[in-house]
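Q: Here you go, one structure.
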Amino acid sequence: MHDSGEQSRAELTGQMGLNRSTIAGLVSELDELSLIEQASPAVGRRGAGRPSAGVRIRDDGPYVVAVDLGVDRAVVARIGLGGRIWDRATAPIPHDTEAWQVGATVAGLVRQVVALSPPEAPLLGIGVAIPGLVRRSDGLVRHAPNLNWHDVSFGSIVLAALSLDVPIAVGNDADLGALSEHRRGTAVDVDDLVYLSGNVGVGAGVITGGNRLEGVAGYAGEVGHLSHDPRGLVCHCGSRGCWETVVGAPAIAEALRCPEDQVARLGEILEDMTTAPRELRSIATELGRGLAAVVNIFNPSVVILGGHFLPLFRLCRAEVTAGLTERALSPARDAVRLALPGLGGDSILLGAAEMAMEPVFVDPVASLAAAVTDAPARLAG
């Protein structure tokens, strides 16, 4: 139901390979936990036999708060089981803001969306997507070069600002974009994919054989720091000529002669364009050339272009494709297709929600026991 919406008991019985009495018991247990509700049989149903009652996720049931933290803005949303976005709030993040100040801003946004939740709906947890290297074991942000963060426990900062004890999970933004697109977006039936996040920096979330590729500590996928031009610009990471120095938001803004105070609107500016200037087309070619390295390394069947790459690909599909064709090995190139996110600009936000929801699928009883049932009142106080 979380992935496919309302279903009948008969459909659940067929999908899970369990008998009807077992399904009935599971449905009753989840109903008692206020995770789901039973619906009337579909009107107009055809076929012999008694119609099977429907089962769906409750609109006033448990929810999580998802945070998509960018370099220049934070987006926070209240998201229910089933991936439904109920409420959202956004705030700018000024350049060179300290981590504790960003945490205070995020906490303010969390309060806004939680205040709109149903009175009895429990808050299961918070999921935070970060543009940087996040240690898998404890969520420590080891290095986020475009935020100038080193060894920042951002989850703890947010909880301290909220004065609330609730489960919180922190993950890399591109990894979470890949997770959500694989679960409910463009790549639902795809086992080998790369989600490419193109914002100020560039990162990749990789799923291979249906499993997330994270690396020993969780740092896999930092493709923006592949060497693209050894004689190129110095990168925020300290190296020179990284791919993201050529195709990241600063390079796109410079190509468009975008004023510094408008860089935060770069996505909107690209979306509003109907034709691309020559300078933007050259960046699109470099995007394709860098994609060739990604395709050669991971051999995916789909590469999903997120962030600023979404409107850039719409404007310059031919140039991106030409750059890919120029440098990719033909067998790997022939196996891949380039795609846009099925979830639009919400891929990372929904991925953060999926991460925060994972415990409830493992142990619903324990997750609900740890949930905060009076979050609006406690945060308001």
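FYI, nothing fancy with the structure tokens labels: chains A, B, ... in order, residues from 1 per chain, ligands from 1 as they appear.
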When DSSP is applied to the backbone of this structure, which of region 95-262 of chain A are assigned alpha helix (DSSP H)? Write them out as a ChimeraX atom specification.

A: /A:99-114,154-162,173-184,244-247,249-255

Q: Identify, on the basis of only C-alpha atoms, every residue whose closest approach to Ala178 (chain A) does not exceed 10 Å; exclude the query and any residue fewer than 5 positions from it along the same chain; express the result as a ChimeraX atom specification.

A: /A:173,183,185-187,193-197,204-207,212,303-304,306,341,347-348,351

Q: Could you write those residues out with N, CA and C atoms, as a PDB file, in the first residue's frame?

A:
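In the end it all went to part-v4.pdb:
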```pdb
ATOM      1  N   ASP A 173      21.985  13.525  -0.350  1.00  0.00           N
ATOM      2  CA  ASP A 173      20.827  13.908  -1.161  1.00  0.00           C
ATOM      3  C   ASP A 173      20.672  13.062  -2.423  1.00  0.00           C
ATOM      4  N   ARG A 183      11.721   3.652  -5.916  1.00  0.00           N
ATOM      5  CA  ARG A 183      10.552   3.138  -5.191  1.00  0.00           C
ATOM      6  C   ARG A 183       9.238   3.612  -5.795  1.00  0.00           C
ATOM      7  N   GLY A 185       9.160   6.419  -8.562  1.00  0.00           N
ATOM      8  CA  GLY A 185       9.335   7.379  -9.639  1.00  0.00           C
ATOM      9  C   GLY A 185       9.599   6.733 -10.988  1.00  0.00           C
ATOM     10  N   THR A 186      10.530   7.303 -11.747  1.00  0.00           N
ATOM     11  CA  THR A 186      10.837   6.847 -13.097  1.00  0.00           C
ATOM     12  C   THR A 186      11.380   5.425 -13.136  1.00  0.00           C
ATOM     13  N   ALA A 187      12.083   5.003 -12.090  1.00  0.00           N
ATOM     14  CA  ALA A 187      12.818   3.734 -12.130  1.00  0.00           C
ATOM     15  C   ALA A 187      12.198   2.650 -11.246  1.00  0.00           C
ATOM     16  N   LEU A 193      20.433   1.726 -11.822  1.00  0.00           N
ATOM     17  CA  LEU A 193      20.162   3.118 -12.176  1.00  0.00           C
ATOM     18  C   LEU A 193      21.114   4.045 -11.454  1.00  0.00           C
ATOM     19  N   VAL A 194      21.232   5.236 -12.002  1.00  0.00           N
ATOM     20  CA  VAL A 194      21.976   6.317 -11.362  1.00  0.00           C
ATOM     21  C   VAL A 194      21.069   7.536 -11.335  1.00  0.00           C
ATOM     22  N   TYR A 195      20.928   8.135 -10.155  1.00  0.00           N
ATOM     23  CA  TYR A 195      20.236   9.423 -10.032  1.00  0.00           C
ATOM     24  C   TYR A 195      21.311  10.488  -9.885  1.00  0.00           C
ATOM     25  N   LEU A 196      21.337  11.433 -10.820  1.00  0.00           N
ATOM     26  CA  LEU A 196      22.357  12.471 -10.811  1.00  0.00           C
ATOM     27  C   LEU A 196      21.751  13.764 -10.293  1.00  0.00           C
ATOM     28  N   SER A 197      22.262  14.230  -9.174  1.00  0.00           N
ATOM     29  CA  SER A 197      21.789  15.469  -8.564  1.00  0.00           C
ATOM     30  C   SER A 197      22.666  16.622  -9.025  1.00  0.00           C
ATOM     31  N   ALA A 204      25.878  11.574  -7.194  1.00  0.00           N
ATOM     32  CA  ALA A 204      25.133  10.484  -7.801  1.00  0.00           C
ATOM     33  C   ALA A 204      24.676   9.501  -6.737  1.00  0.00           C
ATOM     34  N   GLY A 205      23.426   9.084  -6.853  1.00  0.00           N
ATOM     35  CA  GLY A 205      22.916   7.965  -6.084  1.00  0.00           C
ATOM     36  C   GLY A 205      22.855   6.768  -7.012  1.00  0.00           C
ATOM     37  N   VAL A 206      23.405   5.647  -6.582  1.00  0.00           N
ATOM     38  CA  VAL A 206      23.546   4.481  -7.456  1.00  0.00           C
ATOM     39  C   VAL A 206      22.811   3.290  -6.859  1.00  0.00           C
ATOM     40  N   ILE A 207      22.002   2.647  -7.683  1.00  0.00           N
ATOM     41  CA  ILE A 207      21.369   1.385  -7.307  1.00  0.00           C
ATOM     42  C   ILE A 207      21.795   0.354  -8.338  1.00  0.00           C
ATOM     43  N   ARG A 212      21.112  -0.467  -3.039  1.00  0.00           N
ATOM     44  CA  ARG A 212      21.803   0.819  -2.995  1.00  0.00           C
ATOM     45  C   ARG A 212      23.304   0.600  -2.839  1.00  0.00           C
ATOM     46  N   VAL A 303      19.863   6.616 -16.407  1.00  0.00           N
ATOM     47  CA  VAL A 303      20.443   7.726 -15.662  1.00  0.00           C
ATOM     48  C   VAL A 303      19.368   8.803 -15.567  1.00  0.00           C
ATOM     49  N   ILE A 304      19.014   9.172 -14.333  1.00  0.00           N
ATOM     50  CA  ILE A 304      17.973  10.169 -14.094  1.00  0.00           C
ATOM     51  C   ILE A 304      18.642  11.498 -13.770  1.00  0.00           C
ATOM     52  N   GLY A 306      18.516  14.992 -12.264  1.00  0.00           N
ATOM     53  CA  GLY A 306      17.763  15.800 -11.314  1.00  0.00           C
ATOM     54  C   GLY A 306      18.373  17.164 -11.092  1.00  0.00           C
ATOM     55  N   PRO A 341      13.339  12.950 -13.796  1.00  0.00           N
ATOM     56  CA  PRO A 341      12.735  12.384 -12.584  1.00  0.00           C
ATOM     57  C   PRO A 341      11.218  12.272 -12.703  1.00  0.00           C
ATOM     58  N   SER A 347      12.161  14.572  -5.722  1.00  0.00           N
ATOM     59  CA  SER A 347      12.817  13.273  -5.577  1.00  0.00           C
ATOM     60  C   SER A 347      13.598  13.180  -4.270  1.00  0.00           C
ATOM     61  N   ILE A 348      14.415  14.174  -3.983  1.00  0.00           N
ATOM     62  CA  ILE A 348      15.251  14.131  -2.791  1.00  0.00           C
ATOM     63  C   ILE A 348      14.399  14.264  -1.534  1.00  0.00           C
ATOM     64  N   GLY A 351      12.775  11.047  -0.937  1.00  0.00           N
ATOM     65  CA  GLY A 351      13.780  10.082  -0.503  1.00  0.00           C
ATOM     66  C   GLY A 351      14.103  10.238   0.975  1.00  0.00           C
TER      67      GLY A 351
END
```

Q: What gap, in Å, lies between CA of Thr321 (chain A) and CA of Val234 (chain A)?

A: 26.9 Å

Q: Just the strand (DSSP E) stuff from region 120-155 of chain A, please, per backbone DSSP, written as a list in words.

A: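 DSSP on the backbone gives strand (DSSP E) at Leu123, Leu124, Gly125, Ile126, Gly127, Val128, Ala129, Ile130, Leu133, Val134, Val141, Arg142, His143, Ala144, Trp149, His150, Asp151 and Val152 of chain A.
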
Q: Of the candidates A:Gly218, A:Trp100, A:Pro250, A:Leu379, which one gets nearest to Arg142 (chain A) if we count only C-alpha atoms?

A: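 Using only C-alpha atoms, the shortest distance to Arg142 (chain A) belongs to A:Gly218.
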
Q: Using only C-alpha atoms, which residues of region 231-328 of chain A come within 12 Å of region 91-95 of chain A, and what is the closest atom pair for each, with the distance in Å to one decimal? Give it as a tab-separated table, sorted by chain and residue number.

A:
```
residue	atom	partner	partner_atom	distance
A:Glu260	CA	A:His95	CA	11.1
A:Asp261	CA	A:Pro94	CA	10.6
A:Val263	CA	A:His95	CA	11.4
A:Ala264	CA	A:Pro92	CA	8.4
A:Arg265	CA	A:Pro92	CA	10.8
```

Q: Give me the residues near region 144-155 of chain A as an MDAnalysis selection string, where near means some atom within 6 Å (using only C-alpha atoms) and where sequence neighbours in that chain fewer than 2 positions away do not count.

A: chainID A and resid 71 132 140:142 157:158 236:237

Q: Need the shell around Arg289 (chain A): protein/DNA/RNA residues with any atom at most 10 Å away, counting only C-alpha atoms. Skip same-chain ones fewer than 4 positions apart. Format as an mmCIF file with C-alpha atoms, in the first residue's frame?

A:
```cif
data_model
loop_
_atom_site.group_PDB
_atom_site.id
_atom_site.type_symbol
_atom_site.label_atom_id
_atom_site.label_comp_id
_atom_site.auth_asym_id
_atom_site.auth_seq_id
_atom_site.Cartn_x
_atom_site.Cartn_y
_atom_site.Cartn_z
ATOM 1 C CA HIS A 228 37.307 16.386 -15.739
ATOM 2 C CA TRP A 243 33.454 17.818 -13.110
ATOM 3 C CA ILE A 283 27.937 23.150 -20.636
ATOM 4 C CA ALA A 284 25.386 20.575 -21.787
ATOM 5 C CA THR A 285 28.078 18.944 -23.924
ATOM 6 C CA ALA A 293 32.412 8.334 -17.236
ATOM 7 C CA VAL A 294 29.432 7.563 -14.999
ATOM 8 C CA GLU A 319 24.199 18.354 -26.828
ATOM 9 C CA VAL A 320 24.025 16.141 -23.743
ATOM 10 C CA THR A 321 23.479 13.078 -25.908
ATOM 11 C CA ALA A 322 26.332 14.052 -28.230
ATOM 12 C CA GLY A 323 28.758 14.445 -25.327
ATOM 13 C CA LEU A 324 27.730 11.060 -23.948
ATOM 14 C CA THR A 325 28.111 9.388 -27.336
ATOM 15 C CA GLU A 326 31.530 10.967 -27.851
ATOM 16 C CA ARG A 327 33.121 9.396 -24.768
ATOM 17 C CA ALA A 328 31.055 6.464 -23.551
#
```

Q: Rank nothing, just name the residue among A:Ala169, A:Ala217, A:Val202, A:Cys316 nearest to Gly248 (chain A), using only C-alpha atoms.

A: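 Answer, going by the shortest atom-to-atom distance: A:Val202.
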
Q: For Ala115 (chain A), work out the shell of residues within 12 Å, counting only C-alpha atoms and skipping chain neighbours fewer than 4 positions away, then give it as JSON, numbers by chain.

A: {"A": [65, 77, 78, 86, 87, 88, 89, 108, 109, 110, 111, 119, 120, 121, 123, 374, 375, 376, 377, 378, 379, 380, 381]}
